[in-house]
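*Asks:* My file is model-v8.cif. It has mmCIF, C-alpha atoms and all ligand atoms:
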```cif
data_data
#
loop_
_atom_site.label_atom_id
_atom_site.label_comp_id
_atom_site.auth_asym_id
_atom_site.auth_seq_id
_atom_site.Cartn_x
_atom_site.Cartn_y
_atom_site.Cartn_z
CA MET C 1142 85.53 88.59 77.34
CA THR C 1143 87.08 86.84 80.32
CA SER C 1144 90.79 86.36 79.76
CA LEU C 1145 91.90 84.97 83.05
CA GLU C 1146 90.01 83.32 85.84
CA ILE C 1147 91.02 82.20 89.30
CA LYS C 1148 88.54 79.77 90.79
CA ASN C 1149 88.25 78.91 94.48
CA ILE C 1150 91.95 78.94 95.19
CA ASN C 1151 93.28 77.87 98.58
CA LYS C 1152 96.99 78.08 99.26
CA HIS C 1153 98.87 76.73 102.25
CA TYR C 1154 102.55 77.31 102.97
CA GLY C 1155 103.00 74.54 105.53
CA ALA C 1156 100.81 75.53 108.46
CA VAL C 1157 100.12 79.03 107.08
CA GLN C 1158 97.00 79.42 104.95
CA ALA C 1159 97.90 82.32 102.67
CA LEU C 1160 94.75 82.24 100.49
CA HIS C 1161 91.19 81.33 101.42
CA ASP C 1162 88.87 80.47 98.55
CA VAL C 1163 90.03 83.26 96.26
CA SER C 1164 88.09 83.76 93.02
CA LEU C 1165 88.68 86.50 90.48
CA SER C 1166 87.87 86.95 86.84
CA ILE C 1167 89.75 89.39 84.66
CA ASN C 1168 88.66 90.58 81.22
CA LYS C 1169 90.93 90.73 78.22
CA GLY C 1170 92.71 94.09 78.16
CA GLU C 1171 91.59 95.00 81.66
CA PHE C 1172 93.81 96.76 84.21
CA VAL C 1173 93.17 95.04 87.53
CA THR C 1174 94.90 95.87 90.81
CA LEU C 1175 95.18 93.68 93.90
CA LEU C 1176 95.17 96.11 96.83
CA GLY C 1177 95.72 95.12 100.43
CA PRO C 1178 97.95 95.42 103.46
CA SER C 1179 101.25 93.61 103.74
CA GLY C 1180 100.78 89.87 104.21
CA SER C 1181 97.26 89.82 102.74
CA GLY C 1182 98.22 87.37 99.97
CA LYS C 1183 98.72 89.64 96.94
CA THR C 1184 102.11 88.28 95.90
CA THR C 1185 100.88 84.73 96.41
CA VAL C 1186 98.05 85.34 93.90
CA LEU C 1187 100.54 86.72 91.35
CA LYS C 1188 102.95 83.81 91.88
CA ILE C 1189 100.12 81.36 91.31
CA LEU C 1190 99.11 83.23 88.14
CA ALA C 1191 102.73 83.20 86.96
CA GLY C 1192 103.09 79.50 87.72
CA PHE C 1193 105.77 79.91 90.41
CA GLU C 1194 103.68 78.47 93.21
CA PRO C 1195 101.40 75.43 93.06
CA VAL C 1196 97.90 75.82 94.47
CA THR C 1197 96.66 73.69 97.36
CA SER C 1198 93.25 73.56 95.67
CA GLY C 1199 91.42 75.50 92.98
CA GLN C 1200 92.05 76.38 89.35
CA VAL C 1201 93.57 78.98 87.07
CA LEU C 1202 91.85 79.29 83.70
CA MET C 1203 93.22 81.16 80.72
CA GLU C 1204 90.53 81.85 78.12
CA GLY C 1205 88.66 78.87 79.50
CA ARG C 1206 91.67 76.53 79.38
CA ASP C 1207 92.92 75.03 82.66
CA VAL C 1208 96.52 76.21 83.10
CA THR C 1209 96.82 75.44 86.82
CA ALA C 1210 99.66 72.97 86.30
CA LEU C 1211 101.31 74.71 83.33
CA PRO C 1212 104.97 75.73 83.98
CA PRO C 1213 105.79 79.47 83.96
CA GLU C 1214 107.60 79.43 80.59
CA LYS C 1215 104.50 78.08 78.86
CA ARG C 1216 102.20 80.86 80.10
CA ASN C 1217 103.51 83.80 78.04
CA PHE C 1218 103.14 86.19 80.97
CA GLY C 1219 105.34 89.28 81.38
CA LEU C 1220 106.62 89.77 84.92
CA VAL C 1221 107.83 92.79 86.83
CA PHE C 1222 108.52 91.22 90.22
CA GLN C 1223 110.57 92.20 93.23
CA GLY C 1224 113.72 90.14 93.08
CA TYR C 1225 113.42 89.92 89.30
CA ALA C 1226 116.23 92.42 88.98
CA LEU C 1227 117.89 93.59 85.79
CA PHE C 1228 121.12 91.86 84.79
CA PRO C 1229 123.78 94.30 86.03
CA HIS C 1230 126.49 93.24 83.57
CA MET C 1231 124.25 93.69 80.50
CA SER C 1232 123.35 96.91 78.70
CA VAL C 1233 119.80 98.17 78.72
CA TYR C 1234 119.46 96.88 75.16
CA ASP C 1235 120.67 93.39 76.08
CA ASN C 1236 118.46 93.26 79.17
CA ILE C 1237 115.40 93.97 77.04
CA ALA C 1238 116.57 91.61 74.28
CA TYR C 1239 117.07 88.75 76.74
CA PRO C 1240 113.53 87.27 76.66
CA LEU C 1241 113.62 87.31 72.84
CA ARG C 1242 117.02 85.60 72.74
CA VAL C 1243 115.71 82.92 75.11
CA ARG C 1244 112.86 82.47 72.64
CA ARG C 1245 115.40 82.18 69.80
CA GLN C 1246 114.04 85.04 67.72
CA SER C 1247 115.96 86.29 64.69
CA LYS C 1248 118.43 89.18 65.05
CA ALA C 1249 116.27 91.44 62.87
CA MET C 1250 113.16 90.66 64.88
CA ILE C 1251 115.02 91.23 68.15
CA ASP C 1252 116.29 94.59 66.98
CA GLU C 1253 112.89 95.72 65.82
CA ARG C 1254 111.13 94.65 69.03
CA VAL C 1255 113.79 96.02 71.42
CA LEU C 1256 113.80 99.42 69.72
CA ALA C 1257 110.00 99.53 69.85
CA ALA C 1258 110.08 98.60 73.55
CA LEU C 1259 112.72 101.28 74.22
CA ASP C 1260 110.49 103.84 72.51
CA LEU C 1261 107.50 102.66 74.52
CA VAL C 1262 109.28 103.48 77.79
CA GLN C 1263 111.13 106.47 76.29
CA LEU C 1264 114.61 105.15 76.91
CA ARG C 1265 116.02 104.73 73.41
CA LYS C 1266 118.93 107.05 74.09
CA PHE C 1267 119.98 104.93 77.10
CA ALA C 1268 120.20 101.68 75.13
CA ASN C 1269 123.91 101.24 75.73
CA ARG C 1270 123.99 102.11 79.41
CA ARG C 1271 124.27 99.62 82.26
CA PRO C 1272 121.38 99.48 84.77
CA GLN C 1273 123.48 101.10 87.53
CA GLU C 1274 123.95 104.15 85.29
CA LEU C 1275 120.19 104.78 85.41
CA SER C 1276 117.87 106.25 88.06
CA GLY C 1277 115.47 103.98 89.96
CA GLY C 1278 112.55 105.08 87.80
CA GLN C 1279 114.50 104.43 84.59
CA GLN C 1280 115.50 100.98 85.84
CA GLN C 1281 111.85 100.15 86.48
CA ARG C 1282 111.02 101.27 82.94
CA VAL C 1283 113.70 98.92 81.60
CA ALA C 1284 112.14 96.11 83.65
CA LEU C 1285 108.78 97.03 82.15
CA ALA C 1286 110.20 97.02 78.61
CA ARG C 1287 111.82 93.62 79.25
CA ALA C 1288 108.48 92.23 80.48
CA LEU C 1289 106.56 93.58 77.47
CA VAL C 1290 109.04 93.00 74.62
CA PHE C 1291 107.80 89.49 73.77
CA LYS C 1292 104.17 90.66 73.63
CA PRO C 1293 102.88 88.73 76.63
CA ASP C 1294 99.18 87.88 76.96
CA VAL C 1295 99.20 89.22 80.50
CA LEU C 1296 101.56 91.52 82.39
CA LEU C 1297 101.96 90.83 86.13
CA LEU C 1298 103.37 93.68 88.23
CA ASP C 1299 104.28 93.17 91.89
CA GLU C 1300 104.60 96.59 93.57
CA PRO C 1301 106.71 97.93 90.70
CA MET C 1302 106.80 101.42 92.15
CA SER C 1303 107.21 100.79 95.86
CA ALA C 1304 110.91 101.71 95.91
CA LEU C 1305 110.43 105.02 94.10
CA ASP C 1306 109.80 108.46 95.59
CA LYS C 1307 106.37 110.05 95.31
CA GLN C 1308 106.94 112.20 92.22
CA LEU C 1309 108.58 109.38 90.26
CA ARG C 1310 105.82 107.03 91.33
CA HIS C 1311 103.26 109.47 90.01
CA ASP C 1312 105.09 109.85 86.67
CA LEU C 1313 105.46 106.10 86.25
CA GLN C 1314 101.77 105.58 87.06
CA GLU C 1315 100.87 107.93 84.21
CA GLU C 1316 103.27 106.18 81.90
CA LEU C 1317 102.02 102.74 82.82
CA ARG C 1318 98.45 103.82 82.14
CA GLU C 1319 99.45 105.22 78.79
CA ILE C 1320 101.29 102.00 77.88
CA HIS C 1321 98.31 99.94 78.95
CA ARG C 1322 96.04 102.07 76.77
CA SER C 1323 98.31 101.81 73.75
CA LEU C 1324 98.92 98.03 73.99
CA GLY C 1325 95.59 96.70 75.20
CA THR C 1326 97.40 93.93 77.10
CA THR C 1327 95.80 92.62 80.31
CA PHE C 1328 97.64 94.16 83.29
CA ILE C 1329 97.47 92.79 86.83
CA ASN C 1330 99.15 95.09 89.31
CA VAL C 1331 99.80 94.62 93.03
CA THR C 1332 100.07 97.49 95.46
CA HIS C 1333 99.37 98.51 99.05
CA ASP C 1334 98.94 102.14 97.92
CA GLN C 1335 95.24 102.93 97.56
CA GLU C 1336 95.80 106.10 95.55
CA GLU C 1337 97.91 104.24 93.02
CA ALA C 1338 95.21 101.58 92.73
CA MET C 1339 92.45 104.16 92.25
CA HIS C 1340 94.39 106.17 89.67
CA MET C 1341 95.24 103.29 87.40
CA SER C 1342 92.78 100.45 87.58
CA ASP C 1343 89.64 99.43 85.76
CA ARG C 1344 88.82 97.23 88.74
CA ILE C 1345 90.40 96.71 92.15
CA ALA C 1346 90.33 93.56 94.29
CA ILE C 1347 90.66 94.46 97.96
CA MET C 1348 92.51 91.72 99.85
CA ASP C 1349 92.79 91.07 103.56
CA HIS C 1350 94.02 87.96 105.38
CA GLY C 1351 94.10 85.88 102.21
CA GLN C 1352 90.58 86.76 101.11
CA ILE C 1353 89.12 89.05 98.49
CA LYS C 1354 86.88 91.42 100.41
CA GLN C 1355 85.45 93.23 97.41
CA TYR C 1356 86.16 93.38 93.68
CA ASP C 1357 84.84 96.44 91.93
CA THR C 1358 85.59 99.76 90.23
CA ALA C 1359 87.32 102.46 92.30
CA HIS C 1360 84.10 104.46 92.32
CA GLN C 1361 81.97 101.58 93.62
CA LEU C 1362 84.57 100.70 96.27
CA TYR C 1363 84.62 104.30 97.42
CA ARG C 1364 80.90 105.02 97.34
CA ARG C 1365 79.55 101.52 98.01
CA PRO C 1366 82.07 99.72 100.22
CA ALA C 1367 80.72 96.35 101.28
CA SER C 1368 82.37 96.40 104.69
CA ARG C 1369 84.06 98.58 107.26
CA PHE C 1370 87.43 97.19 106.22
CA VAL C 1371 86.95 98.34 102.63
CA ALA C 1372 85.50 101.70 103.71
CA GLU C 1373 88.51 102.42 105.90
CA PHE C 1374 91.08 101.03 103.49
CA VAL C 1375 89.86 103.02 100.48
CA GLY C 1376 89.85 106.72 101.35
CA LYS C 1377 89.01 108.52 104.57
CA SER C 1378 85.80 107.86 106.44
CA ASN C 1379 83.81 108.60 109.58
CA VAL C 1380 82.35 105.40 110.97
CA PHE C 1381 79.44 105.18 113.41
CA GLN C 1382 78.39 102.05 115.23
CA GLY C 1383 74.75 101.74 116.11
CA GLU C 1384 71.64 99.71 115.79
CA VAL C 1385 68.86 99.37 113.24
CA ARG C 1386 65.37 99.18 114.73
CA GLY C 1387 62.24 98.45 112.76
CA SER C 1388 62.18 97.04 109.26
CA GLY C 1389 61.30 97.75 105.63
CA SER C 1390 60.60 101.39 104.83
CA SER C 1391 60.31 102.35 108.50
CA ALA C 1392 63.75 100.99 109.54
CA ARG C 1393 65.87 103.57 111.40
CA PHE C 1394 69.50 103.74 112.40
CA TYR C 1395 70.30 104.82 115.98
CA SER C 1396 73.75 105.71 117.24
CA ALA C 1397 74.82 107.60 120.37
CA SER C 1398 75.21 110.76 118.25
CA PHE C 1399 72.27 110.76 115.83
CA GLU C 1400 69.43 108.79 114.34
CA MET C 1401 68.06 108.68 110.81
CA PRO C 1402 65.92 106.60 108.44
CA LEU C 1403 67.79 103.69 106.88
CA ALA C 1404 65.21 102.02 104.69
CA ASP C 1405 65.46 98.26 104.12
CA ALA C 1406 68.43 97.86 106.46
CA GLN C 1407 68.89 94.63 108.40
CA THR C 1408 67.55 94.89 111.96
CA GLY C 1409 70.25 94.67 114.64
CA ALA C 1410 73.80 95.92 115.11
CA SER C 1411 74.83 98.16 112.27
CA THR C 1412 77.66 100.36 111.04
CA VAL C 1413 77.36 103.42 108.82
CA MET C 1414 79.89 105.77 107.29
CA ILE C 1415 80.16 109.35 106.04
CA ARG C 1416 82.95 110.49 103.70
CA PRO C 1417 84.70 113.71 104.81
CA GLU C 1418 83.77 115.56 101.59
CA ASP C 1419 80.07 114.91 102.23
CA ALA C 1420 80.15 116.82 105.51
CA GLU C 1421 79.84 120.59 105.85
CA ILE C 1422 81.00 122.80 108.66
CA THR C 1423 79.18 125.94 109.75
CA THR C 1424 79.28 128.37 112.67
CA THR C 1425 75.55 127.98 113.33
CA ALA C 1426 73.46 124.82 113.17
CA PRO C 1427 71.76 124.52 109.77
CA ASN C 1428 68.01 124.22 109.93
CA ASP C 1429 67.37 122.24 106.75
CA GLY C 1430 66.91 118.67 107.94
CA ARG C 1431 70.58 117.74 107.72
CA ILE C 1432 72.01 115.65 110.55
CA THR C 1433 73.98 118.09 112.69
CA LEU C 1434 76.57 117.44 115.37
CA PRO C 1435 78.18 120.08 117.61
CA VAL C 1436 81.96 119.76 117.36
CA GLN C 1437 85.17 121.52 118.28
CA VAL C 1438 88.10 122.02 115.90
CA ILE C 1439 91.05 119.90 117.05
CA SER C 1440 93.29 120.65 114.07
CA SER C 1441 93.21 121.52 110.39
CA THR C 1442 95.44 120.88 107.40
CA TYR C 1443 95.26 123.69 104.85
CA SER C 1444 96.03 122.75 101.26
CA GLY C 1445 95.09 125.93 99.37
CA ASP C 1446 91.99 124.68 97.65
CA ARG C 1447 90.48 123.35 100.87
CA ALA C 1448 91.19 122.32 104.44
CA LEU C 1449 90.86 118.95 106.16
CA TYR C 1450 89.52 119.37 109.68
CA THR C 1451 89.80 116.97 112.56
CA LEU C 1452 86.85 117.69 114.83
CA LEU C 1453 86.00 116.51 118.32
CA GLN C 1454 82.46 115.24 118.88
CA SER C 1455 80.72 115.52 122.25
CA ASP C 1456 81.20 111.78 122.87
CA GLY C 1457 84.98 112.16 122.46
CA ALA C 1458 85.23 110.58 119.00
CA ASP C 1459 86.92 112.33 116.05
CA PHE C 1460 85.14 113.42 112.89
CA ILE C 1461 87.03 114.46 109.77
CA ALA C 1462 85.60 116.87 107.20
CA TYR C 1463 86.83 118.75 104.17
CA ALA C 1464 85.76 122.35 103.84
CA PRO C 1465 86.41 125.22 101.42
CA ALA C 1466 89.11 127.52 102.78
CA ARG C 1467 88.97 130.59 100.52
CA SER C 1468 88.42 132.87 103.49
CA GLY C 1469 90.76 131.02 105.84
CA VAL C 1470 90.39 128.19 108.35
CA PHE C 1471 88.70 128.02 111.73
CA PRO C 1472 91.32 128.15 114.49
CA ASP C 1473 91.85 125.13 116.73
CA GLY C 1474 89.43 125.15 119.66
CA THR C 1475 86.57 126.84 117.74
CA ASP C 1476 83.11 125.45 118.53
CA ILE C 1477 81.27 124.80 115.27
CA PHE C 1478 78.78 122.39 113.69
CA VAL C 1479 79.31 119.58 111.25
CA SER C 1480 76.33 118.44 109.19
CA PHE C 1481 75.55 115.90 106.50
CA ALA C 1482 72.55 114.71 104.51
CA SER C 1483 71.08 111.33 105.39
CA GLN C 1484 71.35 110.24 101.72
CA ASP C 1485 75.14 110.59 101.99
CA VAL C 1486 75.28 108.17 104.91
CA ILE C 1487 76.51 104.82 103.60
CA ALA C 1488 75.40 101.64 105.35
CA LEU C 1489 78.13 99.02 105.78
CA ALA C 1490 77.49 95.33 106.11
N1 LIG S 1 107.25 80.97 100.94
C1 LIG S 1 106.48 81.16 102.00
N2 LIG S 1 106.52 80.33 103.07
C2 LIG S 1 105.71 80.52 104.14
N3 LIG S 1 104.82 81.52 104.24
C3 LIG S 1 104.74 82.39 103.23
C4 LIG S 1 105.57 82.27 102.05
N4 LIG S 1 105.25 83.29 101.20
C5 LIG S 1 104.29 83.99 101.81
N5 LIG S 1 103.97 83.48 103.03
C6 LIG S 1 102.93 83.97 103.95
O1 LIG S 1 101.72 84.04 103.24
C7 LIG S 1 100.99 85.22 103.56
C8 LIG S 1 100.75 86.06 102.32
O2 LIG S 1 101.98 86.52 101.83
P1 LIG S 1 102.12 87.39 100.51
O3 LIG S 1 101.35 86.74 99.42
O4 LIG S 1 103.57 87.61 100.28
O5 LIG S 1 101.40 88.76 100.94
P2 LIG S 1 101.50 90.24 100.34
O6 LIG S 1 102.13 90.16 98.99
O7 LIG S 1 100.09 90.72 100.31
O8 LIG S 1 102.33 91.04 101.31
C9 LIG S 1 101.81 85.92 104.64
O9 LIG S 1 101.33 85.52 105.88
C10 LIG S 1 103.21 85.39 104.41
O10 LIG S 1 103.96 85.41 105.59
MG MG S 2 103.87 91.14 98.31
#
```
Can the structure in the file be given as structure tokens, please?
Ligand SMILES: Nc1ncnc2c1ncn2[C@@H]1O[C@H](COP(=O)(O)OP(=O)(O)O)[C@@H](O)[C@H]1O
Ligand SMILES: [Mg+2]
*Replies:*
Amino acid sequence: MTSLEIKNINKHYGAVQALHDVSLSINKGEFVTLLGPSGSGKTTVLKILAGFEPVTSGQVLMEGRDVTALPPEKRNFGLVFQGYALFPHMSVYDNIAYPLRVRRQSKAMIDERVLAALDLVQLRKFANRRPQELSGGQQQRVALARALVFKPDVLLLDEPMSALDKQLRHDLQEELREIHRSLGTTFINVTHDQEEAMHMSDRIAIMDHGQIKQYDTAHQLYRRPASRFVAEFVGKSNVFQGEVRGSGSSARFYSASFEMPLADAQTGASTVMIRPEDAEITTTAPNDGRITLPVQVISSTYSGDRALYTLLQSDGADFIAYAPARSGVFPDGTDIFVSFASQDVIALA
């Protein structure tokens, strides 16, 4: 069931158009991430959802009801925003209790809810500390508890982990997923970190220049990117520019390096992509119908279970490929072959 819907939103800040006809629908209990580079409009979408910024045109619907003009305090949304810092002079307990006190809940109710929220983020033993007596990750968990304590319909998170180091970020991702699972609240998260988005989300909206480029599951975005921007933003890729000639079942893709069938592709300029894990490297050219390119090893990054190679093609372009590395890696400068199956070549719009 659709919980929240953004319909054809345009947003101008003076002369700057921050959002261009953005539409998004989010199901009840879904974990959706807005992923995009800095300045792509992610925070603006969250601020509009929260009610902090008016739209220039378009609508926000909550369970079918138009809430576009509803003030923030009437939306029952939990917020973990940058600049929405903890109150430094209050204890952890009082920080988390604050939204309930504002809502004039009874003392007994406040106590019950705050203790439950502290348990949720595993901070009960820090209830009496001040925020500055906690680590960055613990402070973010307090912010999370404060945003969830009043049982919001939707939780909005604006890069909640961006200030944390990698290990902490990973731990908090796990925790956030667990909390989402246990509560069933709709979560809308913003990040520019594609791994974070892929680890946590039911669906991801890829944003660029104020537009949603694609809205889909991590798997679809990775295997079926709609555009070069999405292909390059989500994971690593090898992109080839070329041309489709012919049409229907006899359409073929031609690039400077190789050609192959590309049934039902649009005739004309075309771009295709191969993921690095779909390529294989061998010392002799395989003779099994795979597309094969002679390459030279430029460099490799060994990570125990495998190696990531950067390879030089004869036309001077790079190609990246993962390969097993049980028996070591090919030294830089080695002439080898990279090959891939035509069914692993992904056509981009
Ligand atoms: N208050 C504002 N006044 C003017 N321009 C703004 C304001 N807030 C954001 N912008 C502009 O809108 C665009 C989108 O910003 P933002 O939503 O913050 O992007 P993101 O969160 O993806 O980094 C950027 O070009 C930014 O400079
Ligand atoms: Mg932002």
*Asks:* Return as an NGL selection string the residues of protein, DNA or RNA that approach ligand LIG 1 (chain S) to within 6 Å, with only C-alpha atoms and all ligand atoms taken into account.
*Replies:* :C and (1154 or 1159 or 1179-1185)
*Asks:* Return as a list in words the residues of protein, DNA or RNA that approach ligand MG 2 (chain S) to within 12 Å, with only C-alpha atoms and all ligand atoms taken into account.
*Replies:*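 Counting only C-alpha atoms and all ligand atoms, the residues within 12 Å of ligand MG 2 (chain S) come out as Ala1159, Leu1175, Leu1176, Gly1177, Pro1178, Ser1179, Gly1180, Ser1181, Gly1182, Lys1183, Thr1184, Thr1185, Val1186, Leu1187, Lys1188, Phe1222, Gln1223, Gly1224, Leu1298, Asp1299, Glu1300, Pro1301, Ser1303, Asn1330, Val1331, Thr1332, His1333, Met1348 and Gly1351 of chain C.
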*Asks:* Which residues are close to Lys1148 of chain C, i.e. within 12 Å by only C-alpha atoms, leaving aside same-chain residues fewer than 2 positions away? Reply as a compact mmCIF listing (two decimals) with C-alpha atoms, in the frame of the given file.
*Replies:*
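What follows is the written file part15.txt:
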```txt
# COMPACT_ATOMS: atom_id res chain seq x y z
CA LEU C 1145 91.90 84.97 83.05
CA GLU C 1146 90.01 83.32 85.84
CA ILE C 1150 91.95 78.94 95.19
CA ASN C 1151 93.28 77.87 98.58
CA LEU C 1160 94.75 82.24 100.49
CA HIS C 1161 91.19 81.33 101.42
CA ASP C 1162 88.87 80.47 98.55
CA VAL C 1163 90.03 83.26 96.26
CA SER C 1164 88.09 83.76 93.02
CA LEU C 1165 88.68 86.50 90.48
CA SER C 1166 87.87 86.95 86.84
CA ILE C 1167 89.75 89.39 84.66
CA VAL C 1186 98.05 85.34 93.90
CA ILE C 1189 100.12 81.36 91.31
CA LEU C 1190 99.11 83.23 88.14
CA VAL C 1196 97.90 75.82 94.47
CA SER C 1198 93.25 73.56 95.67
CA GLY C 1199 91.42 75.50 92.98
CA GLN C 1200 92.05 76.38 89.35
CA VAL C 1201 93.57 78.98 87.07
CA LEU C 1202 91.85 79.29 83.70
CA MET C 1203 93.22 81.16 80.72
CA GLY C 1205 88.66 78.87 79.50
CA ASP C 1207 92.92 75.03 82.66
CA VAL C 1208 96.52 76.21 83.10
CA THR C 1209 96.82 75.44 86.82
```
*Asks:* Smallest atom-to-atom distance to Asp1306 of chain C: which of C:Gly1376, C:Ser1276, C:Leu1289, C:Ala1226, using all atoms listed in the file?
*Replies:* C:Ser1276
*Asks:* Between atom CA of Arg1245 of chain C and atom CA of Asp1260 of chain C, what distance in Å does the model show, to one decimal?
*Replies:* 22.4 Å
*Asks:* Add whatever atoms are absent from segment 1362-1376 of chain C to reach N, CA, C and O atoms, and provide the output as a CSV table (one decimal), keeping the file's coordinate frame.
*Replies:*
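Wrote selection_39.csv, looks like this:
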```
chain,number,residue,atom,x,y,z
C,1362,LEU,N,83.9,101.0,95.0
C,1362,LEU,CA,84.6,100.7,96.3
C,1362,LEU,C,84.5,101.9,97.2
C,1362,LEU,O,84.3,101.8,98.4
C,1363,TYR,N,84.6,103.1,96.6
C,1363,TYR,CA,84.6,104.3,97.4
C,1363,TYR,C,83.2,104.7,97.9
C,1363,TYR,O,83.0,105.0,99.1
C,1364,ARG,N,82.3,104.6,97.0
C,1364,ARG,CA,80.9,105.0,97.3
C,1364,ARG,C,80.0,103.9,97.9
C,1364,ARG,O,79.1,104.1,98.6
C,1365,ARG,N,80.3,102.7,97.6
C,1365,ARG,CA,79.6,101.5,98.0
C,1365,ARG,C,80.4,100.4,98.6
C,1365,ARG,O,80.4,99.3,98.2
C,1366,PRO,N,81.2,100.8,99.6
C,1366,PRO,CA,82.1,99.7,100.2
C,1366,PRO,C,81.2,98.7,100.9
C,1366,PRO,O,80.2,99.0,101.5
C,1367,ALA,N,81.6,97.4,100.8
C,1367,ALA,CA,80.7,96.4,101.3
C,1367,ALA,C,80.9,96.2,102.8
C,1367,ALA,O,80.1,95.5,103.5
C,1368,SER,N,82.1,96.7,103.3
C,1368,SER,CA,82.4,96.4,104.7
C,1368,SER,C,83.2,97.6,105.3
C,1368,SER,O,83.7,98.4,104.5
C,1369,ARG,N,83.3,97.6,106.6
C,1369,ARG,CA,84.1,98.6,107.3
C,1369,ARG,C,85.5,98.5,106.8
C,1369,ARG,O,86.2,99.5,106.7
C,1370,PHE,N,86.0,97.3,106.6
C,1370,PHE,CA,87.4,97.2,106.2
C,1370,PHE,C,87.7,97.9,104.9
C,1370,PHE,O,88.6,98.7,104.8
C,1371,VAL,N,86.8,97.7,103.9
C,1371,VAL,CA,87.0,98.3,102.6
C,1371,VAL,C,86.8,99.9,102.8
C,1371,VAL,O,87.5,100.6,102.2
C,1372,ALA,N,85.8,100.3,103.5
C,1372,ALA,CA,85.5,101.7,103.7
C,1372,ALA,C,86.7,102.4,104.3
C,1372,ALA,O,87.1,103.5,103.9
C,1373,GLU,N,87.4,101.8,105.2
C,1373,GLU,CA,88.5,102.4,105.9
C,1373,GLU,C,89.8,102.3,105.1
C,1373,GLU,O,90.7,103.1,105.2
C,1374,PHE,N,89.9,101.3,104.3
C,1374,PHE,CA,91.1,101.0,103.5
C,1374,PHE,C,91.1,101.9,102.3
C,1374,PHE,O,92.2,102.3,101.8
C,1375,VAL,N,89.9,102.2,101.7
C,1375,VAL,CA,89.9,103.0,100.5
C,1375,VAL,C,89.4,104.4,100.9
C,1375,VAL,O,88.2,104.6,101.0
C,1376,GLY,N,90.2,105.4,101.0
C,1376,GLY,CA,89.8,106.7,101.4
C,1376,GLY,C,89.6,106.9,102.8
C,1376,GLY,O,89.8,106.0,103.6
```
